[in-house]
Every structure is written in structure tokens, then in C-alpha cells.
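Colleague: Please find one structure pasted underneath; my questions will follow.
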Amino acid sequence: MGKVGHFSMGQVGQHEFVCQSEPIQIFFLYFCRKMRNYVRKTDRVKVPSDVIDRAVAKVLDEGKSVYSVAILFNIPRRSLTRYVENKKKSGLEEQNRPNSVSLTHHGYSSA
């Protein structure tokens, strides 16, 4: 730790900061510290899953628009779009997956 002028900052991260003015010292003490209290800035998960399922069903089964259903259920439009797309993908994967294994060919293949 070095000392120049009036104030010595010490090490912040891997760098040693030495300053001579109090505003700079206050700036580094405020912005270069670790986060202590996390405040969530999004309300993405606040919609219950049953409401999301009903909204996705209204879009896919009844053919309603994502925009109108998002307003009706008070869900962010982009989130509802993502849920609908994921439901469509999972539905296609289930249709392509065979329910039972059927063997139509026995033995070696003739090439």
C-alpha cells in the first residue's frame, strides 16, 4: 500500500489506488465494493404456472393471438411467446417419438 498526499486507498481488486482527494476516495469505496444486498429487478417468475398453462392452452387450442392472451392474463407478451414456442417444440418432439418399438426388419441388411 502506498501513501501519497492525504489519503491512501489500499487495494481494490488487484490494483492499488492512491488518491489525494476525498470525492475520489468516496467514489471508489462506494462503487468498488462487493454487493451486499441483492434486490431482484424483474418480476418474471411472479406469474403462477397454472395461469401460464391456461394462457398457452388458449393460444394453441383456441387460436387466440399471443398479444390478446397476454393482456387478458396479465403476462408479459415476450414471456408468453417463449412459453408457447417451448410448448410447440415439446409437442413436436413427443409426436416424433414412437410409443412402442416395432421391428420390421430381421437379420442382416442386404447392401
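Simple scheme: letters A, B, ... for chains in C-alpha cells order, numbers from 1 for residues in each chain, numbers from 1 for ligands in the order shown.
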Just want the 9 Å neighbourhood of stretch 78-82 of chain A, counted on only C-alpha atoms, with same-chain residues fewer than 5 positions away dropped. Output as a list in words.
Modeller: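 Residues meeting the cut-off are Arg44, Ile52, Ala55, Val56, Val66, Tyr67, Val69, Ala70 and Lys87 of chain A.
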Colleague: Residues as selected, N, CA and C atoms, written as a PDB file, in the first residue's frame, can you do that?
Modeller:
```
ATOM      1  N   ARG A  44     -40.277 -11.740 -13.348  1.00  0.00           N
ATOM      2  CA  ARG A  44     -40.504 -12.783 -14.340  1.00  0.00           C
ATOM      3  C   ARG A  44     -41.201 -14.015 -13.767  1.00  0.00           C
ATOM      4  N   ILE A  52     -50.018 -19.682 -16.514  1.00  0.00           N
ATOM      5  CA  ILE A  52     -49.234 -19.786 -17.749  1.00  0.00           C
ATOM      6  C   ILE A  52     -49.754 -20.933 -18.602  1.00  0.00           C
ATOM      7  N   ALA A  55     -52.981 -19.930 -20.258  1.00  0.00           N
ATOM      8  CA  ALA A  55     -52.739 -18.956 -21.325  1.00  0.00           C
ATOM      9  C   ALA A  55     -52.164 -19.631 -22.564  1.00  0.00           C
ATOM     10  N   VAL A  56     -51.223 -20.553 -22.370  1.00  0.00           N
ATOM     11  CA  VAL A  56     -50.636 -21.276 -23.503  1.00  0.00           C
ATOM     12  C   VAL A  56     -51.706 -22.117 -24.191  1.00  0.00           C
ATOM     13  N   VAL A  66     -51.236 -14.176 -29.263  1.00  0.00           N
ATOM     14  CA  VAL A  66     -50.404 -14.082 -28.058  1.00  0.00           C
ATOM     15  C   VAL A  66     -50.617 -12.731 -27.395  1.00  0.00           C
ATOM     16  N   TYR A  67     -50.747 -11.690 -28.190  1.00  0.00           N
ATOM     17  CA  TYR A  67     -50.922 -10.341 -27.659  1.00  0.00           C
ATOM     18  C   TYR A  67     -52.200 -10.219 -26.831  1.00  0.00           C
ATOM     19  N   VAL A  69     -54.021 -12.628 -25.453  1.00  0.00           N
ATOM     20  CA  VAL A  69     -53.989 -13.509 -24.272  1.00  0.00           C
ATOM     21  C   VAL A  69     -53.057 -12.936 -23.211  1.00  0.00           C
ATOM     22  N   ALA A  70     -51.963 -12.326 -23.632  1.00  0.00           N
ATOM     23  CA  ALA A  70     -51.038 -11.707 -22.677  1.00  0.00           C
ATOM     24  C   ALA A  70     -51.720 -10.585 -21.913  1.00  0.00           C
ATOM     25  N   LYS A  87     -43.652 -24.934 -25.726  1.00  0.00           N
ATOM     26  CA  LYS A  87     -44.725 -25.946 -25.732  1.00  0.00           C
ATOM     27  C   LYS A  87     -44.852 -26.578 -27.107  1.00  0.00           C
TER      28      LYS A  87
END
```
Colleague: Between A:Tyr83, A:Gln95, A:Pro76, A:Tyr108, which has the minimum distance to A:Lys46 (counting only C-alpha atoms)?
Modeller: A:Pro76
Colleague: I'd like the contact shell of A:Val51 - 10 Å cut-off, only C-alpha atoms, skipping same-chain residues fewer than 5 positions apart - returned as an MDAnalysis selection string.
Modeller: chainID A and resid 56:57 73:75
Colleague: Suppose you want the space between atom CA of A:Lys88 and atom CA of A:Val59; what is it in Å?
Modeller: 10.9 Å
Colleague: Counting only C-alpha atoms, which residue out of A:Asp53, A:Ile71, A:Val47, A:Asn96 sits closest to A:Val84?
Modeller: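 Answer, going by the shortest atom-to-atom distance: A:Asp53.
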Colleague: Atom CA of A:Pro48 and atom CA of A:Asp61 are how many Å apart?
Modeller: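 Distance reported for this atom pair: 19.9 Å.
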